[in-house]
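Trainee: Enclosed is the structure file target02.tsv (TSV, C-alpha atoms).
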chain	number	residue	atom	x	y	z
A	1	MET	CA	-63.27	18.71	41.37
A	2	THR	CA	-64.51	18.91	44.98
A	3	SER	CA	-62.83	17.03	47.82
A	4	SER	CA	-65.87	14.74	48.25
A	5	VAL	CA	-65.70	13.71	44.57
A	6	LEU	CA	-61.97	13.10	44.97
A	7	ARG	CA	-62.67	10.98	48.06
A	8	GLN	CA	-65.35	8.98	46.23
A	9	GLU	CA	-62.95	8.31	43.36
A	10	ALA	CA	-60.15	7.30	45.76
A	11	ALA	CA	-62.49	4.88	47.55
A	12	THR	CA	-63.34	3.07	44.30
A	13	LEU	CA	-59.66	2.47	43.54
A	14	PRO	CA	-57.82	-0.60	44.85
A	15	ALA	CA	-55.93	0.38	48.02
A	16	ASP	CA	-52.40	1.62	47.44
A	17	TRP	CA	-49.86	-0.57	49.29
A	18	ARG	CA	-48.38	2.56	50.92
A	19	ASP	CA	-51.75	3.24	52.55
A	20	LEU	CA	-51.96	-0.37	53.74
A	21	LEU	CA	-48.50	0.08	55.23
A	22	ALA	CA	-49.60	3.34	56.91
A	23	LEU	CA	-52.49	1.40	58.53
A	24	THR	CA	-49.93	-0.63	60.47
A	25	LYS	CA	-48.51	2.50	62.21
A	26	PRO	CA	-44.87	1.80	61.22
A	27	ARG	CA	-43.38	4.26	63.73
A	28	VAL	CA	-45.14	2.62	66.68
A	29	MET	CA	-44.16	-0.74	65.23
A	30	SER	CA	-40.44	0.16	65.36
A	31	LEU	CA	-40.59	0.56	69.16
A	32	VAL	CA	-42.62	-2.65	69.50
A	33	VAL	CA	-40.13	-4.59	67.35
A	34	PHE	CA	-37.18	-3.19	69.29
A	35	THR	CA	-38.58	-4.11	72.72
A	36	GLY	CA	-39.64	-7.54	71.42
A	37	LEU	CA	-36.16	-8.12	70.02
A	38	ALA	CA	-34.64	-7.02	73.33
A	39	GLY	CA	-36.86	-9.55	75.18
A	40	LEU	CA	-35.63	-12.28	72.85
A	41	LEU	CA	-31.95	-11.25	73.04
A	42	VAL	CA	-31.79	-11.14	76.86
A	43	ALA	CA	-33.34	-14.61	77.22
A	44	PRO	CA	-30.97	-17.26	78.59
A	45	MET	CA	-31.25	-19.41	75.44
A	46	MET	CA	-31.18	-18.37	71.80
A	47	PRO	CA	-33.48	-19.97	69.23
A	48	PRO	CA	-32.07	-20.71	65.75
A	49	LEU	CA	-31.78	-17.55	63.64
A	50	ALA	CA	-34.73	-18.41	61.36
A	51	LEU	CA	-37.05	-19.00	64.34
A	52	GLY	CA	-35.91	-15.87	66.18
A	53	PHE	CA	-36.36	-13.78	63.02
A	54	THR	CA	-39.83	-15.22	62.46
A	55	ALA	CA	-40.83	-14.53	66.08
A	56	ILE	CA	-39.84	-10.85	65.71
A	57	LEU	CA	-41.58	-10.70	62.31
A	58	CYS	CA	-44.75	-12.06	63.95
A	59	ILE	CA	-44.54	-9.45	66.74
A	60	ALA	CA	-44.23	-6.74	64.05
A	61	LEU	CA	-47.14	-8.15	62.02
A	62	GLY	CA	-49.28	-8.51	65.15
A	63	ALA	CA	-48.58	-4.90	66.11
A	64	GLY	CA	-49.39	-3.85	62.54
A	65	ALA	CA	-52.67	-5.77	62.68
A	66	ALA	CA	-53.60	-4.14	65.98
A	67	GLY	CA	-52.78	-0.72	64.51
A	68	ALA	CA	-54.90	-1.40	61.41
A	69	LEU	CA	-57.89	-2.58	63.47
A	70	ASN	CA	-57.49	0.44	65.77
A	71	GLN	CA	-57.61	2.77	62.76
A	72	TRP	CA	-60.57	0.85	61.30
A	73	TYR	CA	-62.57	1.36	64.53
A	74	GLU	CA	-61.43	4.93	65.19
A	75	ALA	CA	-61.78	6.41	61.70
A	76	ASP	CA	-64.49	8.80	62.93
A	77	LEU	CA	-62.28	10.05	65.80
A	78	ASP	CA	-59.21	10.33	63.57
A	79	ALA	CA	-61.13	12.56	61.18
A	80	LEU	CA	-61.71	15.06	64.01
A	81	MET	CA	-58.05	15.39	65.07
A	82	ARG	CA	-55.42	17.33	63.10
A	83	ARG	CA	-52.70	14.82	64.01
A	84	THR	CA	-54.64	11.88	62.51
A	85	ALA	CA	-56.95	13.45	59.89
A	86	ASN	CA	-54.63	12.51	57.03
A	87	ARG	CA	-54.56	8.79	57.88
A	88	PRO	CA	-55.75	6.56	55.00
A	89	LEU	CA	-59.28	5.94	56.36
A	90	PRO	CA	-60.37	9.46	57.40
A	91	ALA	CA	-58.71	10.85	54.26
A	92	GLY	CA	-60.83	8.45	52.18
A	93	ARG	CA	-57.92	6.69	50.47
A	94	ILE	CA	-59.02	3.24	51.71
A	95	ASP	CA	-62.50	1.86	52.33
A	96	ARG	CA	-63.35	0.47	55.79
A	97	GLN	CA	-63.90	-3.10	54.63
A	98	THR	CA	-60.41	-3.31	53.12
A	99	ALA	CA	-58.91	-2.05	56.39
A	100	LEU	CA	-60.94	-4.58	58.43
A	101	HIS	CA	-60.00	-7.52	56.19
A	102	PHE	CA	-56.35	-6.43	56.19
A	103	GLY	CA	-56.26	-6.14	60.00
A	104	VAL	CA	-58.03	-9.43	60.75
A	105	GLY	CA	-56.00	-11.29	58.10
A	106	LEU	CA	-52.70	-9.94	59.37
A	107	ALA	CA	-53.64	-10.76	63.01
A	108	ALA	CA	-54.58	-14.36	62.19
A	109	PHE	CA	-51.48	-14.82	60.02
A	110	SER	CA	-49.10	-13.48	62.69
A	111	VAL	CA	-50.54	-15.69	65.45
A	112	ILE	CA	-50.56	-18.87	63.32
A	113	LEU	CA	-47.00	-18.24	62.11
A	114	MET	CA	-45.83	-17.56	65.70
A	115	ASP	CA	-47.36	-20.87	66.81
A	116	LEU	CA	-45.61	-22.65	63.95
A	117	ALA	CA	-42.18	-21.04	64.45
A	118	ALA	CA	-42.02	-20.56	68.24
A	119	ASN	CA	-44.49	-22.14	70.69
A	120	HIS	CA	-48.12	-22.11	71.85
A	121	LEU	CA	-47.49	-19.72	74.76
A	122	ALA	CA	-45.82	-17.09	72.55
A	123	ALA	CA	-48.71	-17.34	70.07
A	124	LEU	CA	-51.24	-17.09	72.91
A	125	LEU	CA	-49.52	-13.97	74.30
A	126	LEU	CA	-49.40	-12.41	70.82
A	127	ALA	CA	-53.13	-13.08	70.32
A	128	ALA	CA	-53.85	-11.68	73.81
A	129	SER	CA	-51.88	-8.49	73.09
A	130	ILE	CA	-53.73	-7.88	69.79
A	131	LEU	CA	-57.13	-8.56	71.38
A	132	PHE	CA	-56.27	-6.41	74.41
A	133	TYR	CA	-55.26	-3.45	72.23
A	134	VAL	CA	-58.26	-3.72	69.92
A	135	LEU	CA	-61.06	-4.79	72.27
A	136	VAL	CA	-60.04	-3.55	75.74
A	137	TYR	CA	-58.22	-0.32	74.79
A	138	THR	CA	-59.74	0.79	71.46
A	139	VAL	CA	-63.33	-0.42	71.74
A	140	TRP	CA	-63.95	-0.43	75.49
A	141	LEU	CA	-61.74	2.08	77.32
A	142	LYS	CA	-60.59	4.83	74.96
A	143	ARG	CA	-63.91	6.66	74.60
A	144	ARG	CA	-65.17	5.90	78.11
A	145	THR	CA	-62.55	6.66	80.74
A	146	ALA	CA	-59.56	8.88	81.46
A	147	HIS	CA	-57.77	5.71	82.57
A	148	ASN	CA	-57.74	4.47	78.96
A	149	ILE	CA	-53.96	4.86	78.66
A	150	VAL	CA	-53.23	3.40	82.11
A	151	ILE	CA	-54.94	0.06	81.45
A	152	GLY	CA	-54.50	0.12	77.67
A	153	GLY	CA	-50.75	0.57	78.15
A	154	ALA	CA	-50.57	-3.14	78.98
A	155	ALA	CA	-51.05	-3.93	75.27
A	156	GLY	CA	-47.81	-2.18	74.35
A	157	ALA	CA	-45.99	-3.89	77.22
A	158	PHE	CA	-46.42	-7.41	75.79
A	159	PRO	CA	-43.61	-7.47	73.14
A	160	PRO	CA	-40.58	-8.12	75.44
A	161	LEU	CA	-42.65	-10.83	77.16
A	162	ILE	CA	-43.47	-12.42	73.79
A	163	GLY	CA	-39.84	-12.17	72.64
A	164	TRP	CA	-38.62	-13.91	75.81
A	165	VAL	CA	-41.30	-16.64	75.66
A	166	ALA	CA	-40.59	-17.22	71.94
A	167	ALA	CA	-36.97	-17.99	72.92
A	168	THR	CA	-37.51	-19.96	76.13
A	169	GLY	CA	-41.08	-21.27	76.04
A	170	GLN	CA	-41.78	-20.03	79.57
A	171	LEU	CA	-42.30	-16.90	81.68
A	172	ALA	CA	-39.76	-15.55	84.18
A	173	LEU	CA	-39.26	-12.56	86.50
A	174	LEU	CA	-37.11	-10.44	84.14
A	175	PRO	CA	-39.63	-10.26	81.23
A	176	LEU	CA	-42.37	-9.50	83.78
A	177	ILE	CA	-40.28	-6.54	85.03
A	178	LEU	CA	-39.80	-5.44	81.40
A	179	PHE	CA	-43.59	-5.64	81.02
A	180	ALA	CA	-43.98	-3.47	84.15
A	181	ILE	CA	-41.47	-0.88	82.86
A	182	ILE	CA	-43.40	-0.30	79.61
A	183	PHE	CA	-46.75	-0.47	81.44
A	184	LEU	CA	-45.63	2.33	83.83
A	185	TRP	CA	-43.84	4.28	81.06
A	186	THR	CA	-46.92	4.51	78.81
A	187	PRO	CA	-49.06	6.96	80.88
A	188	PRO	CA	-46.38	9.68	81.31
A	189	HIS	CA	-45.38	9.25	77.65
A	190	PHE	CA	-48.93	9.69	76.31
A	191	TRP	CA	-50.03	12.27	78.86
A	192	ALA	CA	-47.04	14.48	77.94
A	193	LEU	CA	-48.25	14.32	74.32
A	194	SER	CA	-51.89	14.82	75.22
A	195	LEU	CA	-51.06	17.97	77.20
A	196	PHE	CA	-49.86	19.88	74.16
A	197	ILE	CA	-52.51	18.48	71.78
A	198	ARG	CA	-55.29	18.70	74.38
A	199	SER	CA	-57.57	20.70	72.05
A	200	ASP	CA	-57.47	17.85	69.50
A	201	TYR	CA	-58.67	15.32	72.10
A	202	ALA	CA	-61.28	17.78	73.40
A	203	ALA	CA	-62.60	18.36	69.85
A	204	ALA	CA	-62.87	14.59	69.31
A	205	LYS	CA	-64.44	14.17	72.80
A	206	VAL	CA	-61.81	11.61	73.80
A	207	PRO	CA	-61.67	11.61	77.63
A	208	MET	CA	-57.89	11.92	77.95
A	209	LEU	CA	-56.72	13.00	81.41
A	210	PRO	CA	-55.92	16.66	80.48
A	211	VAL	CA	-59.48	16.99	79.11
A	212	THR	CA	-61.27	15.40	82.07
A	213	ALA	CA	-59.05	16.26	85.07
A	214	GLY	CA	-57.21	19.34	83.81
A	215	ILE	CA	-53.64	20.26	83.03
A	216	GLU	CA	-52.35	20.51	86.60
A	217	ALA	CA	-53.68	17.11	87.65
A	218	THR	CA	-52.17	15.53	84.52
A	219	ARG	CA	-48.75	17.06	85.27
A	220	ARG	CA	-48.93	15.67	88.82
A	221	GLN	CA	-49.85	12.21	87.51
A	222	ILE	CA	-46.96	12.31	85.02
A	223	PHE	CA	-44.52	12.98	87.86
A	224	LEU	CA	-46.10	10.38	90.17
A	225	TYR	CA	-46.02	7.66	87.48
A	226	SER	CA	-42.37	8.43	86.67
A	227	LEU	CA	-41.34	7.32	90.21
A	228	PRO	CA	-42.54	3.67	90.12
A	229	MET	CA	-41.45	3.52	86.47
A	230	ALA	CA	-37.89	4.50	87.50
A	231	ALA	CA	-37.97	1.94	90.32
A	232	ALA	CA	-39.10	-0.80	87.92
A	233	ALA	CA	-36.41	0.23	85.41
A	234	VAL	CA	-33.61	-0.10	87.97
A	235	ALA	CA	-35.08	-3.25	89.64
A	236	PRO	CA	-33.34	-5.90	87.44
A	237	TRP	CA	-29.96	-4.78	88.88
A	238	PRO	CA	-30.62	-5.28	92.65
A	239	PHE	CA	-32.59	-8.47	91.84
A	240	GLY	CA	-29.44	-9.83	90.19
A	241	LEU	CA	-31.17	-10.17	86.80
A	242	ALA	CA	-28.83	-7.66	85.12
A	243	GLY	CA	-25.33	-6.36	85.76
A	244	ALA	CA	-23.80	-3.02	86.69
A	245	LEU	CA	-23.67	-1.83	83.06
A	246	TYR	CA	-27.46	-1.96	82.88
A	247	GLY	CA	-27.93	-0.77	86.47
A	248	ILE	CA	-25.88	2.41	85.97
A	249	ALA	CA	-27.49	3.15	82.58
A	250	ALA	CA	-30.99	2.56	83.99
A	251	ALA	CA	-30.31	4.75	87.05
A	252	GLY	CA	-28.92	7.60	84.90
A	253	LEU	CA	-31.69	7.44	82.28
A	254	SER	CA	-34.42	7.14	84.91
A	255	ALA	CA	-33.00	10.06	86.92
A	256	GLY	CA	-33.17	12.12	83.70
A	257	PHE	CA	-36.77	11.00	83.14
A	258	VAL	CA	-37.83	11.87	86.72
A	259	ILE	CA	-36.12	15.29	86.51
A	260	MET	CA	-37.88	16.04	83.21
A	261	ALA	CA	-41.20	14.88	84.71
A	262	GLY	CA	-40.46	17.21	87.65
A	263	LEU	CA	-39.96	20.11	85.23
A	264	VAL	CA	-43.33	19.25	83.65
A	265	PHE	CA	-44.89	19.23	87.14
A	266	ALA	CA	-43.36	22.65	87.86
A	267	ASN	CA	-44.51	24.18	84.56
A	268	ARG	CA	-47.54	26.47	84.83
A	269	ALA	CA	-48.08	27.23	81.13
A	270	THR	CA	-51.48	26.47	79.63
A	271	GLU	CA	-50.73	27.30	75.97
A	272	PRO	CA	-49.21	24.47	73.84
A	273	ALA	CA	-46.57	26.86	72.48
A	274	GLN	CA	-45.20	27.31	76.01
A	275	MET	CA	-45.21	23.60	76.88
A	276	ARG	CA	-41.52	23.01	76.17
A	277	PRO	CA	-40.96	20.70	79.19
A	278	GLU	CA	-43.87	18.51	78.01
A	279	LYS	CA	-42.50	18.34	74.46
A	280	ARG	CA	-39.02	17.59	75.77
A	281	LEU	CA	-40.33	14.81	78.03
A	282	PHE	CA	-42.34	13.27	75.17
A	283	GLY	CA	-39.27	13.24	72.90
A	284	PHE	CA	-36.98	11.96	75.65
A	285	SER	CA	-39.43	9.22	76.68
A	286	VAL	CA	-39.01	7.49	73.30
A	287	ILE	CA	-35.20	7.73	73.49
A	288	TYR	CA	-35.40	6.54	77.12
A	289	LEU	CA	-37.15	3.29	76.25
A	290	PHE	CA	-34.83	2.56	73.30
A	291	ALA	CA	-31.73	3.32	75.42
A	292	LEU	CA	-32.95	1.31	78.42
A	293	PHE	CA	-33.61	-1.84	76.40
A	294	ALA	CA	-30.39	-1.36	74.41
A	295	ALA	CA	-28.48	-1.15	77.73
A	296	LEU	CA	-30.12	-4.39	78.90
A	297	VAL	CA	-29.09	-6.19	75.71
A	298	ALA	CA	-25.55	-4.73	75.91
A	299	ASP	CA	-25.32	-5.83	79.54
A	300	ARG	CA	-26.37	-9.38	78.63
A	301	TRP	CA	-24.03	-9.70	75.63
A	302	ILE	CA	-21.05	-7.48	76.54
A	303	GLY	CA	-21.25	-7.28	80.33
A	304	ALA	CA	-21.65	-11.03	80.87
B	1	MET	CA	-58.51	3.88	28.74
B	2	THR	CA	-59.57	6.70	31.07
B	3	ARG	CA	-57.20	8.13	33.69
B	4	HIS	CA	-59.21	6.38	36.42
B	5	GLU	CA	-58.98	2.99	34.68
B	6	ALA	CA	-55.25	3.45	34.10
B	7	GLU	CA	-54.78	4.19	37.81
B	8	VAL	CA	-56.77	1.04	38.73
B	9	VAL	CA	-54.55	-1.10	36.48
B	10	ARG	CA	-51.37	0.56	37.80
B	11	ARG	CA	-52.34	-0.12	41.43
B	12	GLN	CA	-53.44	-3.70	40.69
B	13	ARG	CA	-50.10	-4.42	38.99
B	14	GLU	CA	-48.14	-2.83	41.83
B	15	ARG	CA	-50.02	-4.86	44.44
B	16	ALA	CA	-49.74	-8.09	42.44
B	17	ARG	CA	-45.97	-7.61	42.13
B	18	LEU	CA	-45.65	-6.89	45.86
B	19	MET	CA	-47.82	-9.89	46.75
B	20	ALA	CA	-45.66	-12.14	44.56
B	21	TRP	CA	-42.51	-11.02	46.41
B	22	LEU	CA	-44.19	-11.49	49.80
B	23	LEU	CA	-45.42	-14.98	48.91
B	24	GLY	CA	-41.97	-15.89	47.60
B	25	GLY	CA	-40.44	-14.64	50.85
B	26	PHE	CA	-43.00	-16.62	52.85
B	27	VAL	CA	-42.11	-19.85	51.02
B	28	VAL	CA	-38.40	-19.31	51.75
B	29	LEU	CA	-39.21	-18.50	55.40
B	30	LEU	CA	-41.29	-21.69	55.78
B	31	PHE	CA	-38.42	-23.68	54.30
B	32	LEU	CA	-35.96	-22.13	56.79
B	33	ILE	CA	-38.38	-22.69	59.71
B	34	THR	CA	-38.67	-26.36	58.70
B	35	LEU	CA	-34.88	-26.76	58.56
B	36	ALA	CA	-34.49	-25.07	61.97
B	37	LYS	CA	-37.20	-27.27	63.53
B	38	ILE	CA	-35.58	-30.42	62.12
B	39	GLY	CA	-32.24	-29.21	63.56
B	40	LEU	CA	-33.83	-28.67	66.99
B	41	ASN	CA	-35.27	-32.21	67.07
B	42	ARG	CA	-31.96	-33.90	66.25
Turn this file's structure into structure tokens for me.
Mentor:
Amino acid sequence: MTSSVLRQEAATLPADWRDLLALTKPRVMSLVVFTGLAGLLVAPMMPPLALGFTAILCIALGAGAAGALNQWYEADLDALMRRTANRPLPAGRIDRQTALHFGVGLAAFSVILMDLAANHLAALLLAASILFYVLVYTVWLKRRTAHNIVIGGAAGAFPPLIGWVAATGQLALLPLILFAIIFLWTPPHFWALSLFIRSDYAAAKVPMLPVTAGIEATRRQIFLYSLPMAAAAVAPWPFGLAGALYGIAAAGLSAGFVIMAGLVFANRATEPAQMRPEKRLFGFSVIYLFALFAALVADRWIGA
Amino acid sequence: MTRHEAEVVRRQRERARLMAWLLGGFVVLLFLITLAKIGLNR
């Protein structure tokens, strides 16, 4: 049986729930849920457990919806890249209409439930983050400009803001700083990845910075972005919004990030196999964000 | 029943079972949200 016949047969089957789950990008969702939960836990007032749980569930479902709609729109690009070719849509295990209905349904459900359990502002922010990721990043920016990640990074920065607003009903300086941290963290995180899978993006004609501006310019940008990101990460301490526990953790983690970004800047290798500093920075950047937000929560609950 | 038809039935059953659990969970969640909201308005 040829692969096209197999694909045809798979497309006529009802979608497997595991493929629907894969559409939601569960690994990305875990970071989104964690930062959203951190935003909720550092807020000055705690909602009842059921409402707090529902708010985090809605953030997870909203992120899943955005991921599904992103994969629905980008199925043609995903098919061209090794990293994404086995996703349910390019692999032919789900038809496009199912993915679209799943994404839109999940998005509407998450926003309505957020409005019901939390407040209008949290629901509005959740809707804005989904629309921003799907329309501004996926549809508008990703295929057009090398700044796709810079502006699109705002979509991933919403969760701590939503978590905070779900708990308090209003915006404040601390969640805005948390938004800024993730916004400034996203470009070095994705550019580190895109350096060692540059050929994938070039094959798919996605204008990521290493493809359009070159490897050296990308390494410089990674280092430059790490500086304001580190400043934003430490900022809650001098502003009196977090204690010494967070301040010391943020300073140590951010120093590590800047040093690793410096090693990336100093690297001259052009072959992915020799891009160890880039791979190390990419791996560390995920741990960095988890550890930073965990330190903030620990500071609020233990340090207070 | 062909292998294809058997696979269709298997997937439909699996999804129906999952949907039943999710709907059950949603009903419980709505109940808990209602209780929490009533508690907040006291």
Trainee: Extract, using only C-alpha atoms, all DNA, RNA and protein residues at most 10 Å from Ala22 in chain A, discarding same-chain residues fewer than 5 positions from it, and format them as number ranges by chain.
Mentor: A: 17, 27, 64, 67-68, 71, 87-88
Trainee: Go ahead and write the residues just picked, C-alpha atoms, as a PDB file, in the coordinates of the input.
Mentor:
ATOM      1  CA  TRP A  17     -49.860  -0.570  49.290  1.00  0.00           C
ATOM      2  CA  ARG A  27     -43.380   4.260  63.730  1.00  0.00           C
ATOM      3  CA  GLY A  64     -49.390  -3.850  62.540  1.00  0.00           C
ATOM      4  CA  GLY A  67     -52.780  -0.720  64.510  1.00  0.00           C
ATOM      5  CA  ALA A  68     -54.900  -1.400  61.410  1.00  0.00           C
ATOM      6  CA  GLN A  71     -57.610   2.770  62.760  1.00  0.00           C
ATOM      7  CA  ARG A  87     -54.560   8.790  57.880  1.00  0.00           C
ATOM      8  CA  PRO A  88     -55.750   6.560  55.000  1.00  0.00           C
TER       9      PRO A  88
END
Trainee: Which one of B:Met1, B:Val28, B:Ala20, B:Ala36 sits closest to chain A if you count only C-alpha atoms?
Mentor: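 Answer, going by the shortest atom-to-atom distance: B:Ala36.
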Trainee: Near chain B, meaning an atom within 8 Å, which residues of chain A appear when counting all atoms listed in the file? Write them as a PyMOL selection string.
Mentor: chain A and resi 13-17+48+50-51+54+117
Trainee: Rounded to one decimal in Å, what is the spacing between CA of Ile248 in chain A and CA of Ser285 in chain A?
Mentor: 17.8 Å
Trainee: Nearest residue to Leu126 in chain A out of A:Ala155, A:Ile182, A:Leu141, A:Val211, using all atoms listed in the file?
Mentor: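 Distance minimum relative to Leu126 in chain A lands on A:Ala155.
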Trainee: Neighbouring residues of Pro159 in chain A were defined as those with any atom within 12 Å, considering all atoms listed in the file; residues of the same chain fewer than 5 positions away were excluded. Please report them as a PyMOL selection string.
Mentor: chain A and resi 29-40+55-63+122-123+125-130+153-154+164-166+175-176+178-183+293
Trainee: Give me the residues within 9 Å of Leu281 in chain A as a VMD selection string, counting only C-alpha atoms and dropping any in the same chain fewer than 5 places off.
Mentor: chain A and resid 188 to 189 192 to 193 257 260 to 261 263 to 264 276 286
Trainee: May I have the residues within 7 Å of range 195-201 of chain A as a ChimeraX atom specification, using all atoms listed in the file and disregarding those fewer than 5 positions away in the same chain?
Mentor: /A:81-82,206,208,210-211,215,272,275
